[in-house]
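Have a look at the structure below, then the notes.
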Amino acid sequence: MALDINRIRQDFPILNRKIRGSNLVYLDNAATSQKPKAVIDCITNYYEQYNANIHRGVHALSQEATDAYELARKKIQKFFNAKHDYEIIFTEGTTESINLVASGFTTLVKPGDEILISQMEHHSNIVPWQLLCERTGAKLVVLPMDKDGQLRIDLLDTLLTSKTKLVALTHISNGIGVINPIEEVIQKAHAVNAAVLIDGAQACGHIQPDVQALDVDFYVTSAHKMCGPTGVGILYGKEDWLNKLPPYQGGGEMIKEVTFEKTTYANLPHKFEAGTPNISGGIAFGVAIDYLNQIGFDAIAKHESNLLQYATSELKKIEGLKIYGDVPNKTALISFNIEGLHPYDVGTILDQMGIAVRTGHHCTQPIMDFFGIPGTVRASFAFYNSIEEVDALVEAVKRAKKMLS
Amino acid sequence: MTIKEIQEEIIEEFEMFGDWTDRYEHIIELGKSLPLIKEEEKSDDLLIKGCQSRVWLKADYINDKIILTADSDAIITKGIIAILVRVFSNHTPEEILNSNMEFIDEIGLKEHLSPTRANGLVSMMKQIKMYAIAYQTQHN
């Protein structure tokens, strides 16, 4: 069923904003999505009605807050089809989730072992592994891209060896929008007994991954790119793997018993959840998932695919405009440049017209180096964007080109 | 003219522009008129860190005055640095150190002062003042 965009847009108060007198056209969804009223109200309601610390208090408020927080965990479990709710660890977001796993692997890799990442990773899925390699003497191996911005999957059989201990790969590139064939990577990595971590930060607002069907060992994402609040995300890990990893941070909540001689740790998921978490954030994450489910991922995919096709074909009509990662299997994200123009200049002019895009390297400097460019203009869409907003973008790009040439 | 007088002159010029389009078209024109730094002179030590676009800034000390030359790979950034060069070049280190940047706000370019812009206007200004301090120390 087609989405009722006008009705959906009413759920997002911020979409009524004017920027310098123009309607806001928000096309920076790959950086963060906007929040529906239900999510905003959930946060207010938490602080107005049942703010309390969770898991410890015997009083009514603490009980209510704990129930709401754990209910959110169950919603997230169901969303990702995890086998157990305790395989969902609440974190600050994707970056912390990756750092948690990378830190845990310190005890699991030795000099000469290899960690395989790809050339299109976000810096958050590069640096934690570099740090792991520095700590352990393991080696970072990089799976390259081809000229269209697709991973050289043909090289996997050569790069995956018995030395590979972990493969960390993005589900969808935040720089160019390409969807990676993670099923094949997971299968091939498992054939050499390597664990696989998938960075789903860019994926989960657009598609719904099934972690059991994927057979993925770790899947990480952030709430704020899927209509939830900032500062909260998850690490999904298979029970066996989470048991193998040592605790990440010490503190309250993550212990079973503390003496000065020896501390024993709590069971999953609490072993990895030291300290008071982002309680309202976790609960609101659950509400964001309810909201997305209610709209439905089939409808979201269909609408976003229409936006992508239309925007791609209209933008391509502009002479000198080049799209990076212009391949069939991608999400509604267009990374482009206009010949002879700096992305920063184009972005500045678009901003004057109320159009929010991202310019720069998008925290993926290796991709920009690969294409030999300083950066791109990136327009990234969400299900609440309209065809009229695509028209506004295209008109604005034409105007920017005229002004800057 | 003093720095303050040049700033006032620029404010007056910008008052003529009706909307952002005129303002930016002017900045783009200024960008095109900026004296360029030769390709072979664009060394990394002239590069200003913290800019989304690349900015090179050179300061020479001639007859007690600082002479600025600058370049960028982005045209709007170039236009903005052309304004900075017009305001601050050909002045003594003392005059530069005693000046401020409030006129940028008055000519409707306030957003370029925001740290999120990462266009380095703030970094450029800091670098101009660093040169001023360096030459002042050298020649006192």
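For the structure tokens, the naming scheme is as follows: chains receive sequential letters (A, B, ...) according to their order of presentation, residues are indexed from 1 within each chain, and ligands are indexed from 1 in presentation order.
For chain A, the residues no farther than 9 Å from chain B when using only C-alpha atoms are Leu341, His342, Pro343, Tyr344, Asp345, Thr348, Ile349, Gln352, Thr359, Gly360, His361, Pro374, Gly375, Met403 and Leu404 of chain A.
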Write the residues of the preceding selection, restricted to N, CA and C atoms, as an mmCIF file, in the first residue's frame.
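And here is the file that came out, out25.cif:
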data_model
loop_
_atom_site.group_PDB
_atom_site.id
_atom_site.type_symbol
_atom_site.label_atom_id
_atom_site.label_comp_id
_atom_site.auth_asym_id
_atom_site.auth_seq_id
_atom_site.Cartn_x
_atom_site.Cartn_y
_atom_site.Cartn_z
ATOM 1 N N LEU A 341 32.822 22.181 -9.580
ATOM 2 C CA LEU A 341 32.319 22.877 -8.388
ATOM 3 C C LEU A 341 32.703 22.106 -7.119
ATOM 4 N N HIS A 342 32.981 22.876 -6.079
ATOM 5 C CA HIS A 342 33.329 22.262 -4.797
ATOM 6 C C HIS A 342 32.032 21.897 -4.053
ATOM 7 N N PRO A 343 31.975 20.689 -3.466
ATOM 8 C CA PRO A 343 30.739 20.299 -2.763
ATOM 9 C C PRO A 343 30.344 21.291 -1.670
ATOM 10 N N TYR A 344 31.334 21.895 -1.044
ATOM 11 C CA TYR A 344 31.047 22.861 0.017
ATOM 12 C C TYR A 344 30.256 24.064 -0.522
ATOM 13 N N ASP A 345 30.644 24.528 -1.716
ATOM 14 C CA ASP A 345 29.938 25.662 -2.324
ATOM 15 C C ASP A 345 28.496 25.289 -2.653
ATOM 16 N N THR A 348 26.445 25.085 0.491
ATOM 17 C CA THR A 348 26.182 26.409 1.076
ATOM 18 C C THR A 348 25.010 27.086 0.364
ATOM 19 N N ILE A 349 24.991 26.981 -0.952
ATOM 20 C CA ILE A 349 23.882 27.593 -1.705
ATOM 21 C C ILE A 349 22.570 26.846 -1.416
ATOM 22 N N GLN A 352 21.016 27.985 1.729
ATOM 23 C CA GLN A 352 20.325 29.274 1.628
ATOM 24 C C GLN A 352 18.877 29.080 1.202
ATOM 25 N N THR A 359 27.675 17.933 3.235
ATOM 26 C CA THR A 359 28.799 18.004 2.309
ATOM 27 C C THR A 359 30.052 17.589 3.060
ATOM 28 N N GLY A 360 31.029 17.083 2.318
ATOM 29 C CA GLY A 360 32.283 16.704 2.946
ATOM 30 C C GLY A 360 32.581 15.244 2.702
ATOM 31 N N HIS A 361 33.358 14.648 3.614
ATOM 32 C CA HIS A 361 33.796 13.260 3.381
ATOM 33 C C HIS A 361 32.900 12.254 4.082
ATOM 34 N N PRO A 374 37.557 15.734 -2.861
ATOM 35 C CA PRO A 374 37.626 16.223 -1.480
ATOM 36 C C PRO A 374 36.396 15.816 -0.669
ATOM 37 N N GLY A 375 35.313 15.522 -1.363
ATOM 38 C CA GLY A 375 34.074 15.177 -0.684
ATOM 39 C C GLY A 375 32.956 15.143 -1.699
ATOM 40 N N MET A 403 24.672 29.721 -10.343
ATOM 41 C CA MET A 403 25.325 30.782 -9.573
ATOM 42 C C MET A 403 26.834 30.585 -9.486
ATOM 43 N N LEU A 404 27.251 29.326 -9.367
ATOM 44 C CA LEU A 404 28.660 29.055 -9.074
ATOM 45 C C LEU A 404 29.529 28.908 -10.323
#
Inset, instruction - Write out as a list in words which residues come within 7 Å of Gly275 in chain A when counting only C-alpha atoms, dropping same-chain ones fewer than 2 positions away. - result: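 Once the nearby chain positions are removed, what remains is Gly251, Gly252, Glu253, Glu273 and Pro277 of chain A.
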Inset, instruction - Would you mind listing what lies within 10 Å of Asn53 in chain A as an NGL selection string, with only C-alpha atoms counted and same-chain residues fewer than 5 positions away left out? - result: :A and (61-66 or 276-277 or 279)
Inset, instruction - Could you check how far CA of Ala189 in chain A sits from CA of Leu155 in chain A, in Å to one decimal? - result: 12.5 Å
Do you know which residues are at most 12 Å from Ile295 in chain A counting only C-alpha atoms, after dropping those on the same chain fewer than 6 positions away, and could you put them as a JSON list (two decimals) with N, CA and C atoms, in the first residue's frame?
[["chain", "number", "residue", "atom", "x", "y", "z"],
["A", 1, "MET", "N", 0.85, -1.21, 0.00],
["A", 1, "MET", "CA", 0.00, 0.00, 0.00],
["A", 1, "MET", "C", 0.88, 1.26, 0.00],
["A", 2, "ALA", "N", 0.46, 2.23, -0.77],
["A", 2, "ALA", "CA", 1.26, 3.46, -0.84],
["A", 2, "ALA", "C", 1.15, 4.24, 0.47],
["A", 3, "LEU", "N", 2.21, 4.95, 0.81],
["A", 3, "LEU", "CA", 2.21, 5.73, 2.04],
["A", 3, "LEU", "C", 1.41, 7.02, 1.84],
["A", 4, "ASP", "N", 0.70, 7.40, 2.90],
["A", 4, "ASP", "CA", 0.01, 8.69, 2.88],
["A", 4, "ASP", "C", 1.00, 9.72, 3.44],
["A", 5, "ILE", "N", 1.80, 10.27, 2.52],
["A", 5, "ILE", "CA", 2.91, 11.13, 2.93],
["A", 5, "ILE", "C", 2.42, 12.36, 3.71],
["A", 7, "ARG", "N", -0.10, 12.68, 5.62],
["A", 7, "ARG", "CA", -0.46, 12.31, 6.99],
["A", 7, "ARG", "C", 0.80, 12.00, 7.80],
["A", 8, "ILE", "N", 1.71, 11.26, 7.19],
["A", 8, "ILE", "CA", 2.95, 10.90, 7.89],
["A", 8, "ILE", "C", 3.74, 12.16, 8.28],
["A", 11, "ASP", "N", 3.17, 13.78, 11.54],
["A", 11, "ASP", "CA", 3.72, 13.15, 12.74],
["A", 11, "ASP", "C", 5.05, 13.78, 13.16],
["A", 36, "PRO", "N", 9.34, 11.38, 15.25],
["A", 36, "PRO", "CA", 7.89, 11.59, 15.28],
["A", 36, "PRO", "C", 7.43, 12.02, 16.68],
["A", 205, "GLY", "N", 16.94, 2.14, 9.45],
["A", 205, "GLY", "CA", 15.80, 3.01, 9.20],
["A", 205, "GLY", "C", 15.14, 2.70, 7.86],
["A", 206, "HIS", "N", 15.78, 1.85, 7.07],
["A", 206, "HIS", "CA", 15.31, 1.58, 5.71],
["A", 206, "HIS", "C", 14.93, 0.12, 5.48],
["A", 288, "ALA", "N", 10.02, 4.19, 18.86],
["A", 288, "ALA", "CA", 10.40, 4.46, 17.47],
["A", 288, "ALA", "C", 10.20, 3.20, 16.62],
["A", 289, "ILE", "N", 10.54, 2.06, 17.20],
["A", 289, "ILE", "CA", 10.36, 0.78, 16.48],
["A", 289, "ILE", "C", 8.88, 0.50, 16.26],
["A", 301, "ALA", "N", 10.17, 0.86, 1.99],
["A", 301, "ALA", "CA", 11.11, 0.50, 0.92],
["A", 301, "ALA", "C", 10.56, 0.96, -0.43],
["A", 302, "LYS", "N", 9.27, 0.77, -0.63],
["A", 302, "LYS", "CA", 8.66, 1.10, -1.92],
["A", 302, "LYS", "C", 8.72, 2.63, -2.15],
["A", 303, "HIS", "N", 8.34, 3.38, -1.13],
["A", 303, "HIS", "CA", 8.33, 4.84, -1.26],
["A", 303, "HIS", "C", 9.75, 5.37, -1.46],
["A", 383, "PHE", "N", 11.44, 8.01, 4.63],
["A", 383, "PHE", "CA", 10.08, 7.72, 4.14],
["A", 383, "PHE", "C", 9.17, 8.95, 4.20],
["A", 384, "TYR", "N", 9.52, 9.95, 5.03],
["A", 384, "TYR", "CA", 8.64, 11.14, 5.13],
["A", 384, "TYR", "C", 9.00, 12.21, 4.11]]
Inset, instruction - From range 134-189 of chain A, collect each residue whose DSSP state is strand (DSSP E) and return the set as a PyMOL selection string. - result: chain A and resi 139-143+164-170
Go ahead and write the residues just picked, N, CA and C atoms, as a PDB file, in the first residue's frame.
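Saved file part34.pdb follows:
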ATOM      1  N   LYS A 139      46.668  -7.921  12.345  1.00  0.00           N
ATOM      2  CA  LYS A 139      46.847  -7.136  11.134  1.00  0.00           C
ATOM      3  C   LYS A 139      45.484  -6.748  10.560  1.00  0.00           C
ATOM      4  N   LEU A 140      45.375  -5.485  10.131  1.00  0.00           N
ATOM      5  CA  LEU A 140      44.126  -5.016   9.530  1.00  0.00           C
ATOM      6  C   LEU A 140      44.200  -5.243   8.015  1.00  0.00           C
ATOM      7  N   VAL A 141      43.237  -5.987   7.486  1.00  0.00           N
ATOM      8  CA  VAL A 141      43.197  -6.277   6.050  1.00  0.00           C
ATOM      9  C   VAL A 141      41.967  -5.583   5.476  1.00  0.00           C
ATOM     10  N   VAL A 142      42.123  -4.982   4.277  1.00  0.00           N
ATOM     11  CA  VAL A 142      41.032  -4.180   3.725  1.00  0.00           C
ATOM     12  C   VAL A 142      40.531  -4.756   2.397  1.00  0.00           C
ATOM     13  N   LEU A 143      39.248  -5.046   2.357  1.00  0.00           N
ATOM     14  CA  LEU A 143      38.605  -5.505   1.120  1.00  0.00           C
ATOM     15  C   LEU A 143      38.301  -4.279   0.258  1.00  0.00           C
ATOM     16  N   THR A 164      42.040 -15.065   9.618  1.00  0.00           N
ATOM     17  CA  THR A 164      40.990 -14.068   9.823  1.00  0.00           C
ATOM     18  C   THR A 164      40.182 -14.423  11.063  1.00  0.00           C
ATOM     19  N   LYS A 165      40.158 -13.521  12.021  1.00  0.00           N
ATOM     20  CA  LYS A 165      39.412 -13.795  13.252  1.00  0.00           C
ATOM     21  C   LYS A 165      38.070 -13.079  13.263  1.00  0.00           C
ATOM     22  N   LEU A 166      38.028 -11.947  12.562  1.00  0.00           N
ATOM     23  CA  LEU A 166      36.772 -11.201  12.567  1.00  0.00           C
ATOM     24  C   LEU A 166      36.655 -10.375  11.292  1.00  0.00           C
ATOM     25  N   VAL A 167      35.421 -10.318  10.770  1.00  0.00           N
ATOM     26  CA  VAL A 167      35.138  -9.468   9.619  1.00  0.00           C
ATOM     27  C   VAL A 167      34.171  -8.390  10.104  1.00  0.00           C
ATOM     28  N   ALA A 168      34.530  -7.116   9.885  1.00  0.00           N
ATOM     29  CA  ALA A 168      33.651  -6.012  10.290  1.00  0.00           C
ATOM     30  C   ALA A 168      33.274  -5.240   9.030  1.00  0.00           C
ATOM     31  N   LEU A 169      31.992  -5.227   8.730  1.00  0.00           N
ATOM     32  CA  LEU A 169      31.554  -4.700   7.444  1.00  0.00           C
ATOM     33  C   LEU A 169      30.276  -3.886   7.619  1.00  0.00           C
ATOM     34  N   THR A 170      30.179  -2.824   6.832  1.00  0.00           N
ATOM     35  CA  THR A 170      28.952  -2.039   6.903  1.00  0.00           C
ATOM     36  C   THR A 170      27.869  -2.690   6.055  1.00  0.00           C
TER      37      THR A 170
END
Give me, as CSV, each residue of range 5-52 of chain B that comes within 9 Å of range 88-110 of chain B, together with its shortest interatomic pair and the distance in Å at one decimal, counting only C-alpha atoms, with rows ordered by chain and rising residue number.
residue,atom,partner,partner_atom,distance
B:Ile6,CA,B:Phe88,CA,8.9
B:Gln7,CA,B:Phe103,CA,6.2
B:Glu8,CA,B:Phe103,CA,7.7
B:Ile10,CA,B:Ile107,CA,7.8
B:Ile11,CA,B:Ile107,CA,5.6
B:Glu12,CA,B:Ile107,CA,8.6
B:Glu13,CA,B:Ile107,CA,8.8
B:Phe14,CA,B:Ile107,CA,5.8
B:Glu15,CA,B:Ile107,CA,7.4
B:Trp20,CA,B:Gly108,CA,8.3
B:Arg23,CA,B:Gly108,CA,8.2
Create the file for the chosen residues now, containing C-alpha atoms and written as a CSV table (one decimal), in the first residue's frame.
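Generated file (again.csv):
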chain,number,residue,atom,x,y,z
B,6,ILE,CA,37.1,49.3,5.7
B,7,GLN,CA,34.7,47.2,7.6
B,8,GLU,CA,32.1,50.0,7.6
B,10,ILE,CA,31.9,46.7,3.3
B,11,ILE,CA,28.8,46.8,5.5
B,12,GLU,CA,27.6,49.7,3.4
B,13,GLU,CA,28.2,47.8,0.2
B,14,PHE,CA,26.3,44.8,1.5
B,15,GLU,CA,23.4,46.9,2.5
B,20,TRP,CA,20.8,36.2,-0.2
B,23,ARG,CA,24.9,38.6,-1.5
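Near Tyr236 in chain A, within a cut-off of 6 Å and counting only C-alpha atoms, sit the residues A:Glu87, A:Ile88, A:Phe218, A:Tyr219, with same-chain residues fewer than 4 positions away left out.
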Store the residues picked out above in a file with C-alpha atoms, as a PDB file, in the first residue's frame.
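Resulting contents of part-v4.pdb:
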ATOM      1  CA  GLU A  87      21.325 -10.849  23.337  1.00  0.00           C
ATOM      2  CA  ILE A  88      20.320  -7.193  22.934  1.00  0.00           C
ATOM      3  CA  PHE A 218      27.264  -9.187  15.987  1.00  0.00           C
ATOM      4  CA  TYR A 219      24.920  -6.561  14.566  1.00  0.00           C
TER       5      TYR A 219
END
Inset, instruction - Write out as a PyMOL selection string the residues lying within 12 Å of Val327 in chain A, counting only C-alpha atoms and excluding same-chain residues fewer than 2 positions away. - result: chain A and resi 146-151+176-180+308-309+312+323-325+329-335
Since we have the selection now, will you write its residues out, keeping C-alpha atoms, as a PDB file, in the first residue's frame?
ATOM      1  CA  ASP A 146      35.520  -1.362  -7.633  1.00  0.00           C
ATOM      2  CA  LYS A 147      35.140   1.857  -9.642  1.00  0.00           C
ATOM      3  CA  ASP A 148      31.337   1.807  -9.199  1.00  0.00           C
ATOM      4  CA  GLY A 149      31.681   1.744  -5.423  1.00  0.00           C
ATOM      5  CA  GLN A 150      30.820  -1.932  -4.979  1.00  0.00           C
ATOM      6  CA  LEU A 151      32.844  -4.280  -2.822  1.00  0.00           C
ATOM      7  CA  ILE A 176      27.434   6.335  -1.184  1.00  0.00           C
ATOM      8  CA  GLY A 177      24.370   4.275  -0.176  1.00  0.00           C
ATOM      9  CA  VAL A 178      25.469   0.949  -1.669  1.00  0.00           C
ATOM     10  CA  ILE A 179      23.952  -2.152  -0.005  1.00  0.00           C
ATOM     11  CA  ASN A 180      26.547  -4.857   0.581  1.00  0.00           C
ATOM     12  CA  LEU A 308      15.586   7.402  -5.279  1.00  0.00           C
ATOM     13  CA  GLN A 309      14.654   6.565  -8.858  1.00  0.00           C
ATOM     14  CA  THR A 312      18.491   9.958  -9.663  1.00  0.00           C
ATOM     15  CA  ILE A 323      26.737  10.302  -8.877  1.00  0.00           C
ATOM     16  CA  TYR A 324      29.073   8.091  -6.833  1.00  0.00           C
ATOM     17  CA  GLY A 325      27.818   4.582  -6.144  1.00  0.00           C
ATOM     18  CA  ASN A 329      21.391  -2.232  -5.157  1.00  0.00           C
ATOM     19  CA  LYS A 330      21.382   0.892  -2.994  1.00  0.00           C
ATOM     20  CA  THR A 331      19.250   2.848  -0.554  1.00  0.00           C
ATOM     21  CA  ALA A 332      17.740   6.293  -1.101  1.00  0.00           C
ATOM     22  CA  LEU A 333      20.991   8.212  -0.750  1.00  0.00           C
ATOM     23  CA  ILE A 334      22.654  10.149  -3.551  1.00  0.00           C
ATOM     24  CA  SER A 335      26.254  11.239  -3.210  1.00  0.00           C
TER      25      SER A 335
END
Legend entry - CA of Glu183 in chain A to CA of Leu214 in chain A, straight-line distance in Å: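 Calculated distance between CA of Leu214 in chain A and CA of Glu183 in chain A is 6.0 Å.
Between CA of Phe79 in chain A and CA of Leu292 in chain A lies a distance of 10.0 Å.
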Inset, instruction - Can you work out which one of B:Ala59, B:Asp19, B:Lys4, B:Thr69 has the shortest atom-to-atom distance to Lys38 in chain B, counting only C-alpha atoms? - result: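 Answer, going by the shortest atom-to-atom distance: B:Thr69.
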